[in-house]
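Listing of coords.tsv; format and content: TSV, C-alpha atoms.
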```tsv
chain	number	residue	atom	x	y	z
A	63	MET	CA	142.88	-65.59	67.34
A	64	THR	CA	140.35	-62.89	66.50
A	65	HIS	CA	142.77	-60.09	67.36
A	66	THR	CA	145.41	-61.61	65.06
A	67	SER	CA	142.98	-61.88	62.15
A	68	PHE	CA	141.86	-58.30	62.69
A	69	HIS	CA	145.45	-57.04	62.58
A	70	ILE	CA	146.19	-59.03	59.42
A	71	ALA	CA	143.13	-57.56	57.68
A	72	LEU	CA	144.09	-54.04	58.74
A	73	LEU	CA	147.63	-54.51	57.40
A	74	LEU	CA	146.18	-55.81	54.12
A	75	LEU	CA	143.98	-52.72	53.76
A	76	LEU	CA	146.85	-50.32	54.48
A	77	SER	CA	149.14	-52.16	52.07
A	78	SER	CA	146.53	-52.05	49.30
A	79	MET	CA	145.94	-48.33	49.79
A	80	HIS	CA	149.70	-47.71	49.67
A	81	LEU	CA	150.03	-49.66	46.41
A	82	LEU	CA	147.12	-47.72	44.91
A	83	GLY	CA	148.67	-44.38	45.83
A	84	SER	CA	152.12	-45.29	44.53
A	85	SER	CA	150.64	-46.64	41.29
A	86	LEU	CA	148.66	-43.47	40.59
A	87	ALA	CA	151.61	-41.19	41.31
A	88	SER	CA	154.29	-43.31	39.65
A	89	LYS	CA	154.57	-41.64	36.24
A	90	PRO	CA	153.01	-38.65	34.49
A	91	PHE	CA	150.76	-39.00	31.46
A	92	HIS	CA	152.36	-36.03	29.72
A	93	LEU	CA	155.92	-35.46	28.59
A	94	SER	CA	156.99	-31.85	28.43
A	95	ALA	CA	159.68	-29.84	26.70
A	96	SER	CA	162.68	-29.12	28.92
A	97	ALA	CA	163.27	-25.64	30.26
A	98	ASP	CA	166.52	-25.14	28.36
A	99	GLU	CA	164.78	-25.54	25.01
A	100	VAL	CA	162.99	-22.60	23.42
A	101	PRO	CA	160.62	-23.85	20.70
A	102	ALA	CA	159.27	-21.13	18.45
A	103	ILE	CA	156.37	-20.28	16.18
A	104	ILE	CA	157.91	-19.12	12.92
A	105	ASN	CA	155.86	-16.56	11.00
A	106	SER	CA	156.26	-16.93	7.28
A	107	ASP	CA	154.76	-15.23	4.27
A	108	LEU	CA	157.08	-16.90	1.73
A	109	PRO	CA	155.56	-18.41	-1.40
A	110	ILE	CA	154.37	-21.96	-0.80
A	111	THR	CA	154.27	-24.71	-3.37
A	112	ASN	CA	151.98	-27.74	-3.31
A	113	LEU	CA	149.28	-25.95	-1.35
A	114	SER	CA	146.94	-28.91	-1.82
A	115	LYS	CA	149.36	-31.19	0.10
A	116	ARG	CA	149.82	-28.97	3.12
A	117	PRO	CA	148.28	-30.15	6.41
A	118	VAL	CA	144.80	-28.80	7.03
A	119	LEU	CA	143.95	-28.18	10.67
A	120	GLN	CA	140.55	-29.34	11.88
A	121	PRO	CA	138.40	-27.77	14.65
A	122	LYS	CA	137.49	-31.19	16.06
A	123	GLU	CA	139.76	-34.11	16.86
A	124	THR	CA	139.30	-37.66	15.63
A	125	ALA	CA	141.19	-40.85	16.37
A	126	PRO	CA	144.38	-40.95	14.27
A	127	PRO	CA	144.87	-43.95	11.96
A	128	GLN	CA	147.52	-46.44	13.07
A	129	PHE	CA	150.41	-47.35	10.77
A	130	LEU	CA	153.73	-49.20	10.79
A	131	ARG	CA	157.07	-47.79	9.63
A	132	THR	CA	160.51	-49.41	9.57
A	133	LEU	CA	164.05	-48.19	9.00
A	134	MET	CA	166.78	-50.47	7.65
A	135	ASP	CA	170.55	-50.37	8.00
A	136	PRO	CA	172.92	-50.64	4.98
A	137	GLN	CA	172.87	-54.43	5.34
A	138	GLY	CA	169.11	-54.52	4.86
A	139	LYS	CA	168.27	-55.37	8.48
A	140	VAL	CA	165.52	-53.55	10.36
A	141	CYS	CA	167.10	-51.28	12.99
A	142	VAL	CA	164.06	-49.21	13.98
A	143	GLN	CA	160.38	-50.05	13.85
A	144	ALA	CA	157.37	-48.06	15.02
A	145	SER	CA	153.64	-48.78	15.08
A	146	LEU	CA	151.62	-45.75	16.07
A	147	GLY	CA	148.93	-43.19	15.39
A	148	VAL	CA	149.94	-39.51	15.47
A	149	GLU	CA	147.77	-36.48	16.15
A	150	TYR	CA	149.11	-32.90	16.15
A	151	VAL	CA	147.40	-30.34	18.38
A	152	VAL	CA	147.96	-26.61	17.69
A	153	ARG	CA	146.82	-23.79	19.94
A	154	GLU	CA	145.86	-20.74	17.90
A	155	ASN	CA	143.78	-17.73	19.03
A	156	LYS	CA	142.81	-19.57	22.25
A	157	LYS	CA	141.41	-22.48	20.23
A	158	ASN	CA	142.72	-25.98	19.61
A	159	TYR	CA	143.14	-27.27	16.06
A	160	TYR	CA	143.99	-30.83	15.09
A	161	PHE	CA	145.76	-32.73	12.35
A	162	ASN	CA	146.18	-36.50	12.04
A	163	MET	CA	149.28	-37.86	10.34
A	164	ASN	CA	148.23	-39.59	7.12
A	165	PRO	CA	149.87	-43.02	6.69
A	166	SER	CA	149.62	-42.91	2.89
A	167	SER	CA	151.72	-39.75	2.66
A	168	THR	CA	154.14	-40.41	5.53
A	169	ARG	CA	157.61	-41.80	4.82
A	170	ALA	CA	160.35	-43.00	7.18
A	171	THR	CA	163.86	-41.54	6.90
A	172	GLY	CA	166.86	-41.39	9.20
A	173	PHE	CA	169.93	-43.50	9.87
A	174	CYS	CA	171.04	-46.56	11.83
A	175	GLY	CA	174.15	-46.76	13.99
A	176	ASN	CA	175.43	-49.20	16.58
A	177	GLN	CA	174.74	-46.87	19.51
A	178	LYS	CA	172.47	-44.24	17.99
A	179	ALA	CA	169.60	-44.25	15.50
A	180	ILE	CA	167.17	-41.62	14.23
A	181	LEU	CA	163.70	-42.28	12.87
A	182	SER	CA	162.00	-39.33	11.16
A	183	LEU	CA	158.39	-39.58	10.03
A	184	ASP	CA	158.18	-37.05	7.20
A	185	PHE	CA	155.26	-35.71	5.19
A	186	ASP	CA	154.53	-32.58	3.17
A	187	GLY	CA	154.34	-29.85	5.77
A	188	GLY	CA	155.76	-31.61	8.81
A	189	GLN	CA	157.77	-34.28	10.54
A	190	LEU	CA	158.19	-36.11	13.84
A	191	GLU	CA	161.70	-37.25	14.74
A	192	PHE	CA	162.85	-39.76	17.38
A	193	THR	CA	166.49	-40.11	18.47
A	194	PHE	CA	167.33	-43.51	19.97
A	195	ILE	CA	170.31	-44.25	22.18
A	196	LYS	CA	171.73	-47.67	23.07
A	197	GLU	CA	173.46	-47.63	26.43
A	198	GLY	CA	174.65	-50.92	27.89
A	199	ASP	CA	171.74	-53.34	27.99
A	200	LEU	CA	169.15	-50.55	27.56
A	201	SER	CA	167.80	-48.53	24.66
A	202	TYR	CA	165.65	-45.42	24.89
A	203	VAL	CA	164.55	-42.25	23.10
A	204	SER	CA	166.62	-39.26	24.18
A	205	THR	CA	165.06	-36.56	21.97
A	206	ILE	CA	161.76	-35.99	20.17
A	207	LYS	CA	161.38	-33.16	17.68
A	208	GLY	CA	158.21	-32.04	15.96
A	209	LEU	CA	157.46	-29.64	13.11
A	210	LEU	CA	154.20	-28.71	11.44
A	211	ARG	CA	153.59	-26.13	8.72
A	212	PRO	CA	149.84	-26.22	8.10
A	213	ALA	CA	147.60	-24.14	5.92
A	214	PRO	CA	146.35	-21.12	7.91
A	215	PRO	CA	143.37	-22.17	10.06
A	216	CYS	CA	141.47	-18.97	9.35
A	217	THR	CA	141.14	-16.39	6.54
A	218	ASN	CA	143.16	-13.70	8.27
A	219	CYS	CA	145.69	-16.05	9.87
A	220	ARG	CA	149.28	-15.91	8.68
A	221	ASN	CA	151.36	-18.88	7.57
A	222	LYS	CA	153.17	-20.34	10.57
A	223	THR	CA	155.57	-23.15	11.24
A	224	TYR	CA	155.13	-24.76	14.65
A	225	VAL	CA	158.32	-26.24	16.10
A	226	GLY	CA	158.95	-28.03	19.39
A	227	VAL	CA	161.37	-30.42	21.05
A	228	ILE	CA	161.57	-32.65	24.12
A	229	HIS	CA	164.80	-33.58	25.81
A	230	HIS	CA	164.45	-36.25	28.46
A	231	ASP	CA	166.74	-38.67	30.24
A	232	LYS	CA	165.25	-41.93	28.99
A	233	LEU	CA	161.91	-42.00	27.17
A	234	PHE	CA	160.30	-45.29	26.11
A	235	LYS	CA	163.02	-47.24	27.91
A	236	ALA	CA	163.38	-50.98	27.28
A	237	LYS	CA	166.05	-53.63	27.56
A	238	ASN	CA	167.82	-54.59	24.35
A	239	GLY	CA	165.70	-56.90	22.24
A	240	LEU	CA	162.44	-55.70	23.82
A	241	SER	CA	159.90	-53.19	22.50
A	242	PHE	CA	158.17	-50.37	24.37
A	243	GLN	CA	154.37	-50.48	24.14
A	244	CYS	CA	151.66	-48.09	25.32
A	245	LYS	CA	148.02	-48.64	24.39
A	246	SER	CA	146.98	-45.57	26.39
A	247	GLN	CA	147.20	-42.12	24.88
A	248	MET	CA	150.55	-40.42	25.38
A	249	THR	CA	150.80	-36.64	25.00
A	250	LEU	CA	154.11	-35.03	24.05
A	251	ILE	CA	154.06	-31.35	25.01
A	252	LEU	CA	156.56	-29.92	22.53
A	253	ALA	CA	155.61	-26.33	23.40
A	254	SER	CA	152.75	-24.50	25.11
A	255	TYR	CA	151.04	-24.03	21.74
A	256	PHE	CA	152.13	-27.30	20.11
A	257	ARG	CA	151.77	-30.91	21.19
A	258	VAL	CA	151.60	-34.38	19.69
A	259	LYS	CA	149.46	-37.32	20.80
A	260	LEU	CA	150.55	-40.90	20.20
A	261	VAL	CA	147.95	-43.64	20.45
A	262	PRO	CA	148.60	-46.49	20.49
A	263	LEU	CA	152.40	-46.80	20.41
A	264	GLN	CA	154.83	-49.67	19.98
A	265	ILE	CA	158.41	-48.79	19.17
A	266	GLN	CA	161.82	-50.43	19.17
A	267	ALA	CA	165.34	-49.67	18.00
A	268	PHE	CA	168.28	-52.09	17.75
A	269	ASP	CA	168.18	-55.88	18.08
A	270	LEU	CA	164.95	-56.61	16.19
A	271	ALA	CA	165.11	-60.35	15.60
A	272	ASN	CA	163.96	-61.15	12.05
A	273	GLY	CA	162.64	-57.60	11.75
A	274	ALA	CA	159.88	-58.19	14.33
A	275	PHE	CA	159.09	-56.46	17.60
A	276	GLY	CA	160.51	-58.06	20.72
A	277	LYS	CA	158.48	-58.81	23.85
A	278	GLU	CA	156.55	-55.75	25.02
A	279	VAL	CA	157.54	-53.55	27.94
A	280	GLU	CA	154.33	-52.10	29.41
A	281	CYS	CA	154.07	-48.35	29.96
A	282	TRP	CA	152.96	-46.96	33.33
A	283	GLU	CA	149.65	-45.74	31.98
A	284	ASP	CA	148.68	-49.26	30.87
A	285	TYR	CA	150.00	-50.71	34.14
A	286	ASN	CA	147.84	-48.33	36.16
A	287	LYS	CA	144.73	-49.15	34.13
A	288	ARG	CA	145.34	-52.87	34.63
A	289	MET	CA	146.28	-52.77	38.32
A	290	ILE	CA	143.87	-50.16	39.75
A	291	PRO	CA	140.75	-52.42	39.45
A	292	ILE	CA	142.70	-55.25	41.10
A	293	ILE	CA	143.88	-53.00	43.94
A	294	LEU	CA	140.41	-51.52	44.45
A	295	GLY	CA	138.97	-55.04	44.59
A	296	ALA	CA	141.55	-56.01	47.20
A	297	VAL	CA	140.72	-52.90	49.23
A	298	ALA	CA	136.98	-53.66	49.06
A	299	ALA	CA	137.61	-57.26	50.15
A	300	ALA	CA	139.81	-56.07	53.02
A	301	VAL	CA	137.13	-53.62	54.19
A	302	CYS	CA	134.51	-56.37	54.15
A	303	LEU	CA	136.84	-58.69	56.06
A	304	ILE	CA	137.52	-56.05	58.69
A	305	ALA	CA	133.78	-55.41	59.09
A	306	ILE	CA	133.10	-59.13	59.57
A	307	LEU	CA	135.94	-59.58	62.06
A	308	THR	CA	134.82	-56.48	63.96
A	309	CYS	CA	131.32	-57.94	64.33
A	310	VAL	CA	132.76	-61.25	65.54
A	311	LEU	CA	135.02	-59.48	68.01
A	312	VAL	CA	132.14	-57.41	69.40
A	313	ARG	CA	129.96	-60.50	69.85
A	314	GLU	CA	132.72	-62.39	71.68
A	315	ARG	CA	133.27	-59.49	74.06
A	316	ARG	CA	129.55	-59.26	74.78
A	317	GLY	CA	129.42	-62.99	75.43
A	318	GLN	CA	132.32	-62.77	77.87
A	319	GLY	CA	130.53	-59.94	79.70
A	320	TYR	CA	127.33	-61.99	80.16
A	321	GLU	CA	129.30	-64.93	81.62
A	322	GLN	CA	130.84	-62.69	84.27
A	323	LEU	CA	127.37	-61.59	85.42
```

Reformat the file's structure so that it appears as structure tokens.
Amino acid sequence: MTHTSFHIALLLLLSSMHLLGSSLASKPFHLSASADEVPAIINSDLPITNLSKRPVLQPKETAPPQFLRTLMDPQGKVCVQASLGVEYVVRENKKNYYFNMNPSSTRATGFCGNQKAILSLDFDGGQLEFTFIKEGDLSYVSTIKGLLRPAPPCTNCRNKTYVGVIHHDKLFKAKNGLSFQCKSQMTLILASYFRVKLVPLQIQAFDLANGAFGKEVECWEDYNKRMIPIILGAVAAAVCLIAILTCVLVRERRGQGYEQL
């Protein structure tokens, strides 16, 4: 009976450690531009209008404000909806500079189709564009494009337009009628010098009942944060159980030895 309990506890410990390892390695936190894309920094000294409205890069990052944007089809029904905060990160002269998308000056444009939709978040000096695809009973984002044309971060810096793109098989995948949600920070690496952070994110295209988000599909980052404490607790409990059973087993063997004498 003691040997059986010991084996069960050992199997529980090994199973918990396997689940912990697979959970941590399941999905990356960062999404990168594909190798076949060549984003570019565009140098520009052309005259610029509305200088006061251009993005101003900051030396320190702050939490971006969250906002909601919707896109409607010609019939007036919501076909794309996104709730998110957006932070741009630019690498210039070996330093990082930051810009948070301002909800008050950001507008949603794009188009709605039966199998494809595009949501573009536009503001003076930049945009962030999502291309959605509906394939069978799934919908996902196939392409993300980013552009930022900020005011020069330093006195001697030239005007530059930072451009990047991500092509991926199926980003933010969810079944039709469901929304993709990620409360953890997601980093989109559009280029080595240009990335975008989304936190938090809830997004859905197609099949929005009454213009509202469907049931949430949890991202891997949130799943890991929720499950790791549970798995670690199970591992700790299994270790304690093994220690107790080991002590019991040792005592029984000692008792059997004394009886033989």

What separation in Å, quoted to one decimal, exists between CA of Lys157 in chain A and CA of Tyr255 in chain A?
->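 According to the coordinates, CA of Lys157 in chain A and CA of Tyr255 in chain A are separated by 9.9 Å.
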
Rank nothing, just name the residue among A:Lys222, A:Lys287, A:Arg257, A:Lys245 nearest to Gly187 in chain A, using all atoms listed in the file.
->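 Of all the options, A:Lys222 lies closest to Gly187 in chain A.
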
Using only C-alpha atoms, the shortest atom-to-atom distance to Arg211 in chain A among A:Phe268, A:Phe173, A:Tyr150, A:Phe242 belongs to A:Tyr150

Give me, please, the distance in Å between CA of Glu197 in chain A and CA of Gly276 in chain A, quoted to one decimal.
-> 17.6 Å

Ser204 in chain A: which residues within 8 Å, counting only C-alpha atoms, same-chain residues fewer than 6 positions away excluded, as a list in words?
-> Phe192, Thr193, Phe194, Ile195, His229, His230, Asp231, Lys232 and Leu233 of chain A

Can you tell me how far CA of Gln137 in chain A sits from CA of Gln264 in chain A, in Å to one decimal?
->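 So the answer is 23.7 Å.
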
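Residues lying within 10 Å of Lys196 in chain A, counting all atoms listed in the file and ignoring same-chain neighbours fewer than 3 positions away, are Gly175, Asn176, Gln177, Lys178, Ala179, Asp199, Leu200, Ser201, Tyr202, Val203, Ser204, Lys235, Ala236, Lys237, Asn238, Ala267 and Phe268 of chain A.
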
Only C-alpha atoms, please: the residues just picked out, written as a PDB file, keeping the file's coordinate frame.
```
ATOM      1  CA  GLY A 175     174.150 -46.760  13.990  1.00  0.00           C
ATOM      2  CA  ASN A 176     175.430 -49.200  16.580  1.00  0.00           C
ATOM      3  CA  GLN A 177     174.740 -46.870  19.510  1.00  0.00           C
ATOM      4  CA  LYS A 178     172.470 -44.240  17.990  1.00  0.00           C
ATOM      5  CA  ALA A 179     169.600 -44.250  15.500  1.00  0.00           C
ATOM      6  CA  ASP A 199     171.740 -53.340  27.990  1.00  0.00           C
ATOM      7  CA  LEU A 200     169.150 -50.550  27.560  1.00  0.00           C
ATOM      8  CA  SER A 201     167.800 -48.530  24.660  1.00  0.00           C
ATOM      9  CA  TYR A 202     165.650 -45.420  24.890  1.00  0.00           C
ATOM     10  CA  VAL A 203     164.550 -42.250  23.100  1.00  0.00           C
ATOM     11  CA  SER A 204     166.620 -39.260  24.180  1.00  0.00           C
ATOM     12  CA  LYS A 235     163.020 -47.240  27.910  1.00  0.00           C
ATOM     13  CA  ALA A 236     163.380 -50.980  27.280  1.00  0.00           C
ATOM     14  CA  LYS A 237     166.050 -53.630  27.560  1.00  0.00           C
ATOM     15  CA  ASN A 238     167.820 -54.590  24.350  1.00  0.00           C
ATOM     16  CA  ALA A 267     165.340 -49.670  18.000  1.00  0.00           C
ATOM     17  CA  PHE A 268     168.280 -52.090  17.750  1.00  0.00           C
TER      18      PHE A 268
END
```

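Distances here use all atoms listed in the file; by that measure, the residue among A:Ser246, A:Gln143, A:Gln266, A:Thr308 closest to Trp282 in chain A is A:Ser246.
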
Completion of range 203-214 of chain A up to all heavy atoms, as a PDB file, keeping the file's coordinate frame:
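The result, stored in out-v3.pdb:
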```pdb
ATOM      1  N   VAL A 203     164.628 -43.448  23.943  1.00  0.00           N
ATOM      2  CA  VAL A 203     164.550 -42.250  23.100  1.00  0.00           C
ATOM      3  C   VAL A 203     165.034 -41.069  23.932  1.00  0.00           C
ATOM      4  O   VAL A 203     164.486 -40.781  24.999  1.00  0.00           O
ATOM      5  CB  VAL A 203     163.104 -42.009  22.621  1.00  0.00           C
ATOM      6  CG1 VAL A 203     162.992 -40.665  21.898  1.00  0.00           C
ATOM      7  CG2 VAL A 203     162.658 -43.134  21.691  1.00  0.00           C
ATOM      8  N   SER A 204     166.051 -40.385  23.442  1.00  0.00           N
ATOM      9  CA  SER A 204     166.620 -39.260  24.180  1.00  0.00           C
ATOM     10  C   SER A 204     166.029 -37.916  23.750  1.00  0.00           C
ATOM     11  O   SER A 204     165.980 -36.978  24.545  1.00  0.00           O
ATOM     12  CB  SER A 204     168.140 -39.215  23.990  1.00  0.00           C
ATOM     13  OG  SER A 204     168.468 -39.003  22.623  1.00  0.00           O
ATOM     14  N   THR A 205     165.569 -37.831  22.490  1.00  0.00           N
ATOM     15  CA  THR A 205     165.060 -36.560  21.970  1.00  0.00           C
ATOM     16  C   THR A 205     163.897 -36.809  21.020  1.00  0.00           C
ATOM     17  O   THR A 205     163.926 -37.763  20.237  1.00  0.00           O
ATOM     18  CB  THR A 205     166.162 -35.782  21.222  1.00  0.00           C
ATOM     19  OG1 THR A 205     167.288 -35.611  22.078  1.00  0.00           O
ATOM     20  CG2 THR A 205     165.664 -34.417  20.777  1.00  0.00           C
ATOM     21  N   ILE A 206     162.884 -35.963  21.110  1.00  0.00           N
ATOM     22  CA  ILE A 206     161.760 -35.990  20.170  1.00  0.00           C
ATOM     23  C   ILE A 206     161.577 -34.575  19.631  1.00  0.00           C
ATOM     24  O   ILE A 206     161.453 -33.625  20.404  1.00  0.00           O
ATOM     25  CB  ILE A 206     160.464 -36.467  20.833  1.00  0.00           C
ATOM     26  CG1 ILE A 206     160.629 -37.893  21.364  1.00  0.00           C
ATOM     27  CG2 ILE A 206     159.300 -36.404  19.848  1.00  0.00           C
ATOM     28  CD1 ILE A 206     159.412 -38.398  22.121  1.00  0.00           C
ATOM     29  N   LYS A 207     161.568 -34.455  18.314  1.00  0.00           N
ATOM     30  CA  LYS A 207     161.380 -33.160  17.680  1.00  0.00           C
ATOM     31  C   LYS A 207     160.136 -33.204  16.789  1.00  0.00           C
ATOM     32  O   LYS A 207     159.887 -34.199  16.125  1.00  0.00           O
ATOM     33  CB  LYS A 207     162.598 -32.784  16.822  1.00  0.00           C
ATOM     34  CG  LYS A 207     163.892 -32.616  17.609  1.00  0.00           C
ATOM     35  CD  LYS A 207     165.044 -32.280  16.692  1.00  0.00           C
ATOM     36  CE  LYS A 207     166.347 -32.138  17.465  1.00  0.00           C
ATOM     37  NZ  LYS A 207     167.499 -31.829  16.567  1.00  0.00           N
ATOM     38  N   GLY A 208     159.400 -32.120  16.790  1.00  0.00           N
ATOM     39  CA  GLY A 208     158.210 -32.040  15.960  1.00  0.00           C
ATOM     40  C   GLY A 208     158.178 -30.751  15.169  1.00  0.00           C
ATOM     41  O   GLY A 208     158.671 -29.707  15.628  1.00  0.00           O
ATOM     42  N   LEU A 209     157.605 -30.813  13.974  1.00  0.00           N
ATOM     43  CA  LEU A 209     157.460 -29.640  13.110  1.00  0.00           C
ATOM     44  C   LEU A 209     156.168 -29.792  12.320  1.00  0.00           C
ATOM     45  O   LEU A 209     155.859 -30.869  11.823  1.00  0.00           O
ATOM     46  CB  LEU A 209     158.652 -29.509  12.173  1.00  0.00           C
ATOM     47  CG  LEU A 209     158.667 -28.321  11.198  1.00  0.00           C
ATOM     48  CD1 LEU A 209     160.095 -27.857  10.948  1.00  0.00           C
ATOM     49  CD2 LEU A 209     158.018 -28.689   9.866  1.00  0.00           C
ATOM     50  N   LEU A 210     155.435 -28.705  12.228  1.00  0.00           N
ATOM     51  CA  LEU A 210     154.200 -28.710  11.440  1.00  0.00           C
ATOM     52  C   LEU A 210     154.034 -27.340  10.790  1.00  0.00           C
ATOM     53  O   LEU A 210     154.092 -26.306  11.456  1.00  0.00           O
ATOM     54  CB  LEU A 210     152.988 -29.010  12.329  1.00  0.00           C
ATOM     55  CG  LEU A 210     151.657 -29.192  11.604  1.00  0.00           C
ATOM     56  CD1 LEU A 210     151.679 -30.464  10.762  1.00  0.00           C
ATOM     57  CD2 LEU A 210     150.497 -29.242  12.611  1.00  0.00           C
ATOM     58  N   ARG A 211     153.841 -27.370   9.466  1.00  0.00           N
ATOM     59  CA  ARG A 211     153.590 -26.130   8.720  1.00  0.00           C
ATOM     60  C   ARG A 211     152.272 -26.276   7.983  1.00  0.00           C
ATOM     61  O   ARG A 211     152.210 -26.617   6.807  1.00  0.00           O
ATOM     62  CB  ARG A 211     154.728 -25.864   7.737  1.00  0.00           C
ATOM     63  CG  ARG A 211     154.687 -24.438   7.180  1.00  0.00           C
ATOM     64  CD  ARG A 211     155.736 -24.230   6.104  1.00  0.00           C
ATOM     65  NE  ARG A 211     155.818 -22.832   5.712  1.00  0.00           N
ATOM     66  CZ  ARG A 211     156.463 -22.403   4.640  1.00  0.00           C
ATOM     67  NH1 ARG A 211     157.076 -23.269   3.842  1.00  0.00           N
ATOM     68  NH2 ARG A 211     156.508 -21.128   4.353  1.00  0.00           N
ATOM     69  N   PRO A 212     151.165 -25.995   8.690  1.00  0.00           N
ATOM     70  CA  PRO A 212     149.840 -26.220   8.100  1.00  0.00           C
ATOM     71  C   PRO A 212     149.363 -25.025   7.281  1.00  0.00           C
ATOM     72  O   PRO A 212     149.946 -23.935   7.327  1.00  0.00           O
ATOM     73  CB  PRO A 212     148.965 -26.405   9.332  1.00  0.00           C
ATOM     74  CG  PRO A 212     149.589 -25.489  10.341  1.00  0.00           C
ATOM     75  CD  PRO A 212     151.083 -25.539  10.079  1.00  0.00           C
ATOM     76  N   ALA A 213     148.299 -25.259   6.556  1.00  0.00           N
ATOM     77  CA  ALA A 213     147.600 -24.140   5.920  1.00  0.00           C
ATOM     78  C   ALA A 213     146.997 -23.292   7.029  1.00  0.00           C
ATOM     79  O   ALA A 213     146.622 -23.811   8.082  1.00  0.00           O
ATOM     80  CB  ALA A 213     146.517 -24.668   4.992  1.00  0.00           C
ATOM     81  N   PRO A 214     146.911 -21.982   6.859  1.00  0.00           N
ATOM     82  CA  PRO A 214     146.350 -21.120   7.910  1.00  0.00           C
ATOM     83  C   PRO A 214     144.957 -21.594   8.311  1.00  0.00           C
ATOM     84  O   PRO A 214     144.116 -21.887   7.459  1.00  0.00           O
ATOM     85  CB  PRO A 214     146.306 -19.741   7.241  1.00  0.00           C
ATOM     86  CG  PRO A 214     147.348 -19.790   6.184  1.00  0.00           C
ATOM     87  CD  PRO A 214     147.337 -21.198   5.677  1.00  0.00           C
TER      88      PRO A 214
END
```
